[in-house]
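Below: data-v1.cif (mmCIF, C-alpha atoms; chains and numbers go by the auth columns)
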```cif
data_work
#
loop_
_atom_site.group_PDB
_atom_site.id
_atom_site.type_symbol
_atom_site.label_atom_id
_atom_site.label_comp_id
_atom_site.label_asym_id
_atom_site.label_seq_id
_atom_site.Cartn_x
_atom_site.Cartn_y
_atom_site.Cartn_z
_atom_site.B_iso_or_equiv
_atom_site.auth_seq_id
_atom_site.auth_asym_id
ATOM 1 C CA PRO A 1 0.000 0.000 0.000 0.00 1 A
ATOM 2 C CA PRO A 2 1.094 3.591 -0.506 0.00 2 A
ATOM 3 C CA LYS A 3 2.921 5.218 2.389 0.00 3 A
ATOM 4 C CA GLU A 4 0.061 7.736 2.664 0.00 4 A
ATOM 5 C CA ALA A 5 -2.482 4.928 3.106 0.00 5 A
ATOM 6 C CA LYS A 6 -0.669 3.699 6.197 0.00 6 A
ATOM 7 C CA GLU A 7 -1.310 7.074 7.825 0.00 7 A
ATOM 8 C CA LEU A 8 -5.077 7.043 7.201 0.00 8 A
ATOM 9 C CA PRO A 9 -7.497 6.691 10.128 0.00 9 A
ATOM 10 C CA SER A 10 -8.684 3.089 10.381 0.00 10 A
ATOM 11 C CA CYS A 11 -12.196 3.847 9.072 0.00 11 A
ATOM 12 C CA GLU A 12 -10.717 5.452 5.949 0.00 12 A
ATOM 13 C CA LYS A 13 -8.240 2.587 5.531 0.00 13 A
ATOM 14 C CA GLN A 14 -11.258 0.326 5.072 0.00 14 A
ATOM 15 C CA LEU A 15 -12.638 2.603 2.346 0.00 15 A
ATOM 16 C CA TRP A 16 -9.243 2.669 0.624 0.00 16 A
ATOM 17 C CA LYS A 17 -8.998 -1.142 0.723 0.00 17 A
ATOM 18 C CA LYS A 18 -12.511 -1.546 -0.703 0.00 18 A
ATOM 19 C CA TYR A 19 -11.747 0.925 -3.495 0.00 19 A
ATOM 20 C CA ARG A 20 -8.403 -0.750 -4.339 0.00 20 A
ATOM 21 C CA ASN A 21 -9.961 -4.222 -4.342 0.00 21 A
ATOM 22 C CA LEU A 22 -12.820 -3.094 -6.579 0.00 22 A
ATOM 23 C CA VAL A 23 -10.404 -1.478 -9.035 0.00 23 A
ATOM 24 C CA TRP A 24 -8.363 -4.693 -9.236 0.00 24 A
ATOM 25 C CA LYS A 25 -11.503 -6.778 -9.704 0.00 25 A
ATOM 26 C CA ILE A 26 -12.514 -4.528 -12.615 0.00 26 A
ATOM 27 C CA THR A 27 -8.939 -4.498 -13.955 0.00 27 A
ATOM 28 C CA GLU A 28 -8.631 -8.269 -14.103 0.00 28 A
ATOM 29 C CA ARG A 29 -11.914 -8.487 -16.053 0.00 29 A
ATOM 30 C CA GLN A 30 -10.466 -6.399 -18.889 0.00 30 A
ATOM 31 C CA PRO A 31 -9.171 -8.032 -22.108 0.00 31 A
ATOM 32 C CA LEU A 32 -5.573 -7.686 -20.907 0.00 32 A
ATOM 33 C CA LYS A 33 -4.170 -9.889 -23.676 0.00 33 A
ATOM 34 C CA LYS A 34 -4.961 -7.060 -26.109 0.00 34 A
ATOM 35 C CA LEU A 35 -2.370 -4.843 -24.422 0.00 35 A
ATOM 36 C CA ILE A 36 1.181 -4.606 -25.752 0.00 36 A
ATOM 37 C CA ASN A 37 3.647 -6.728 -23.733 0.00 37 A
ATOM 38 C CA SER A 38 0.899 -8.705 -21.969 0.00 38 A
ATOM 39 C CA ASN A 39 2.784 -11.883 -22.845 0.00 39 A
ATOM 40 C CA LEU A 40 5.761 -10.578 -20.812 0.00 40 A
ATOM 41 C CA ARG A 41 3.782 -10.182 -17.576 0.00 41 A
ATOM 42 C CA SER A 42 5.740 -11.596 -14.661 0.00 42 A
ATOM 43 C CA PHE A 43 7.064 -10.638 -11.252 0.00 43 A
ATOM 44 C CA LYS A 44 10.426 -9.383 -12.597 0.00 44 A
ATOM 45 C CA GLY A 45 9.305 -8.807 -16.201 0.00 45 A
ATOM 46 C CA TYR A 46 6.439 -6.485 -17.026 0.00 46 A
ATOM 47 C CA HIS A 47 3.815 -5.281 -14.570 0.00 47 A
ATOM 48 C CA LEU A 48 0.279 -4.198 -15.259 0.00 48 A
ATOM 49 C CA ASP A 49 0.207 -0.467 -14.571 0.00 49 A
ATOM 50 C CA HIS A 50 -2.693 1.889 -14.041 0.00 50 A
ATOM 51 C CA LYS A 51 -1.659 5.031 -15.938 0.00 51 A
ATOM 52 C CA VAL A 52 -3.776 7.099 -13.581 0.00 52 A
ATOM 53 C CA SER A 53 -2.876 5.338 -10.347 0.00 53 A
ATOM 54 C CA ILE A 54 -5.340 3.638 -8.041 0.00 54 A
ATOM 55 C CA TRP A 55 -4.206 5.897 -5.210 0.00 55 A
ATOM 56 C CA TYR A 56 -4.769 9.024 -7.328 0.00 56 A
ATOM 57 C CA GLY A 57 -8.211 7.698 -8.252 0.00 57 A
ATOM 58 C CA TYR A 58 -9.094 7.102 -4.626 0.00 58 A
ATOM 59 C CA LYS A 59 -7.840 10.479 -3.390 0.00 59 A
ATOM 60 C CA ASN A 60 -9.679 12.312 -6.202 0.00 60 A
ATOM 61 C CA LYS A 61 -12.879 10.273 -5.955 0.00 61 A
ATOM 62 C CA ILE A 62 -12.633 8.934 -9.515 0.00 62 A
ATOM 63 C CA ASP A 63 -15.037 6.140 -10.402 0.00 63 A
ATOM 64 C CA PRO A 64 -13.191 2.816 -9.897 0.00 64 A
ATOM 65 C CA TYR A 65 -14.607 1.608 -13.222 0.00 65 A
ATOM 66 C CA LEU A 66 -12.589 4.325 -14.984 0.00 66 A
ATOM 67 C CA ILE A 67 -9.398 3.503 -13.087 0.00 67 A
ATOM 68 C CA GLY A 68 -9.745 -0.222 -13.843 0.00 68 A
ATOM 69 C CA ASP A 69 -10.734 0.267 -17.482 0.00 69 A
ATOM 70 C CA ILE A 70 -8.555 -1.096 -20.300 0.00 70 A
ATOM 71 C CA ASN A 71 -7.887 2.470 -21.522 0.00 71 A
ATOM 72 C CA ASN A 72 -6.088 3.225 -18.245 0.00 72 A
ATOM 73 C CA LEU A 73 -3.923 0.111 -18.338 0.00 73 A
ATOM 74 C CA GLU A 74 -0.545 -0.721 -19.814 0.00 74 A
ATOM 75 C CA PHE A 75 2.267 -3.179 -19.247 0.00 75 A
ATOM 76 C CA ILE A 76 5.513 -1.510 -18.241 0.00 76 A
ATOM 77 C CA PRO A 77 8.866 -2.904 -17.097 0.00 77 A
ATOM 78 C CA HIS A 78 8.991 -4.024 -13.472 0.00 78 A
ATOM 79 C CA LYS A 79 11.648 -1.452 -12.480 0.00 79 A
ATOM 80 C CA GLU A 80 9.712 1.408 -14.083 0.00 80 A
ATOM 81 C CA ASN A 81 6.573 0.386 -12.224 0.00 81 A
ATOM 82 C CA MET A 82 8.420 0.194 -8.905 0.00 82 A
ATOM 83 C CA LEU A 83 9.785 3.719 -9.425 0.00 83 A
ATOM 84 C CA LYS A 84 6.378 5.063 -10.402 0.00 84 A
ATOM 85 C CA ALA A 85 4.663 3.542 -7.348 0.00 85 A
ATOM 86 C CA THR A 86 1.533 5.651 -6.641 0.00 86 A
ATOM 87 C CA LYS A 87 2.511 8.605 -8.797 0.00 87 A
ATOM 88 C CA CYS A 88 0.372 9.785 -11.641 0.00 88 A
ATOM 89 C CA ASN A 89 2.364 10.542 -14.796 0.00 89 A
ATOM 90 C CA PHE A 90 0.004 13.290 -15.892 0.00 90 A
ATOM 91 C CA LYS A 91 0.569 16.907 -15.027 0.00 91 A
ATOM 92 C CA ASN A 92 -2.936 18.276 -15.499 0.00 92 A
ATOM 93 C CA THR A 93 -6.587 17.378 -15.407 0.00 93 A
ATOM 94 C CA ARG A 94 -6.990 17.540 -19.178 0.00 94 A
ATOM 95 C CA ALA A 95 -4.303 14.877 -19.673 0.00 95 A
ATOM 96 C CA ILE A 96 -5.942 12.629 -17.106 0.00 96 A
ATOM 97 C CA GLN A 97 -9.341 13.119 -18.725 0.00 97 A
ATOM 98 C CA SER A 98 -7.912 12.187 -22.129 0.00 98 A
ATOM 99 C CA ILE A 99 -6.897 8.792 -20.698 0.00 99 A
ATOM 100 C CA LEU A 100 -10.021 8.066 -18.657 0.00 100 A
ATOM 101 C CA PHE A 101 -12.663 9.396 -21.030 0.00 101 A
ATOM 102 C CA VAL A 102 -11.641 7.829 -24.345 0.00 102 A
#
```
If you took the structure in this file and wrote it as structure tokens, what would it be?
Amino acid sequence: PPKEAKELPSCEKQLWKKYRNLVWKITERQPLKKLINSNLRSFKGYHLDHKVSIWYGYKNKIDPYLIGDINNLEFIPHKENMLKATKCNFKNTRAIQSILFV
């Protein structure tokens, strides 16, 4: 979990966990094999990344169905994903909207 999540009050931790679990449930229902590098998915290979992170989605009250949608997913190298962690690669709302509202 993100470092910030560890500092949440216990009642909000529950909300965060529910949100994260729902996003992953939605994510795993997507046609992931259509994504580039899906065949390289492994612990040390490529990771499934949420372009707009789950943590960002939670903190900004974004519908979990948008965060878990195929348009917000990509496979990136393990090391890149570890460095990204909970960060969102987008600098403004318009960029985020262009990913989530395809």
Surrounding residues of stretch 47-49 of chain A excluding itself and chain neighbours under 3 positions, 7 Å, only C-alpha atoms, as an MDAnalysis selection string: chainID A and resid 41:42 73:78 81
Include C-alpha atoms and write out the residues we just selected as a short mmCIF file (atom, residue, chain, number, x, y, z; two decimals), in the frame of the given file.
```
data_model
loop_
_atom_site.label_atom_id
_atom_site.label_comp_id
_atom_site.auth_asym_id
_atom_site.auth_seq_id
_atom_site.Cartn_x
_atom_site.Cartn_y
_atom_site.Cartn_z
CA ARG A 41 3.78 -10.18 -17.58
CA SER A 42 5.74 -11.60 -14.66
CA LEU A 73 -3.92 0.11 -18.34
CA GLU A 74 -0.55 -0.72 -19.81
CA PHE A 75 2.27 -3.18 -19.25
CA ILE A 76 5.51 -1.51 -18.24
CA PRO A 77 8.87 -2.90 -17.10
CA HIS A 78 8.99 -4.02 -13.47
CA ASN A 81 6.57 0.39 -12.22
#
```
Top pick for closest residue to A:Ile26, considering A:Asn39, A:Tyr65, A:Ala5, A:Val52 and counting all atoms listed in the file: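 Residue with the minimum atom-to-atom distance to A:Ile26: A:Tyr65.
Minimum atom-to-atom distances from A:Lys59, A:Val23, A:Leu100, A:Lys51 to A:Leu8 were compared using all atoms listed in the file, and the lowest value belongs to A:Lys59.
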Exercise: A:Tyr56 partners within 12 Å, only C-alpha atoms, chain neighbours under 3 positions left out, as a ChimeraX atom specification: /A:2,4-5,16,19-20,50-53,59-64,66-67,85-90,93,96
What would the file look like if the residues just selected were written as an mmCIF file, in the frame of the given file with C-alpha atoms?
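For reference, out.cif as written:
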```
data_model
loop_
_atom_site.group_PDB
_atom_site.id
_atom_site.type_symbol
_atom_site.label_atom_id
_atom_site.label_comp_id
_atom_site.auth_asym_id
_atom_site.auth_seq_id
_atom_site.Cartn_x
_atom_site.Cartn_y
_atom_site.Cartn_z
ATOM 1 C CA PRO A 2 1.094 3.591 -0.506
ATOM 2 C CA GLU A 4 0.061 7.736 2.664
ATOM 3 C CA ALA A 5 -2.482 4.928 3.106
ATOM 4 C CA TRP A 16 -9.243 2.669 0.624
ATOM 5 C CA TYR A 19 -11.747 0.925 -3.495
ATOM 6 C CA ARG A 20 -8.403 -0.750 -4.339
ATOM 7 C CA HIS A 50 -2.693 1.889 -14.041
ATOM 8 C CA LYS A 51 -1.659 5.031 -15.938
ATOM 9 C CA VAL A 52 -3.776 7.099 -13.581
ATOM 10 C CA SER A 53 -2.876 5.338 -10.347
ATOM 11 C CA LYS A 59 -7.840 10.479 -3.390
ATOM 12 C CA ASN A 60 -9.679 12.312 -6.202
ATOM 13 C CA LYS A 61 -12.879 10.273 -5.955
ATOM 14 C CA ILE A 62 -12.633 8.934 -9.515
ATOM 15 C CA ASP A 63 -15.037 6.140 -10.402
ATOM 16 C CA PRO A 64 -13.191 2.816 -9.897
ATOM 17 C CA LEU A 66 -12.589 4.325 -14.984
ATOM 18 C CA ILE A 67 -9.398 3.503 -13.087
ATOM 19 C CA ALA A 85 4.663 3.542 -7.348
ATOM 20 C CA THR A 86 1.533 5.651 -6.641
ATOM 21 C CA LYS A 87 2.511 8.605 -8.797
ATOM 22 C CA CYS A 88 0.372 9.785 -11.641
ATOM 23 C CA ASN A 89 2.364 10.542 -14.796
ATOM 24 C CA PHE A 90 0.004 13.290 -15.892
ATOM 25 C CA THR A 93 -6.587 17.378 -15.407
ATOM 26 C CA ILE A 96 -5.942 12.629 -17.106
#
```
Two-atom distance - atom CA of A:Lys13, atom CA of A:Gly57 (Å):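 These two atoms are separated by 14.7 Å.
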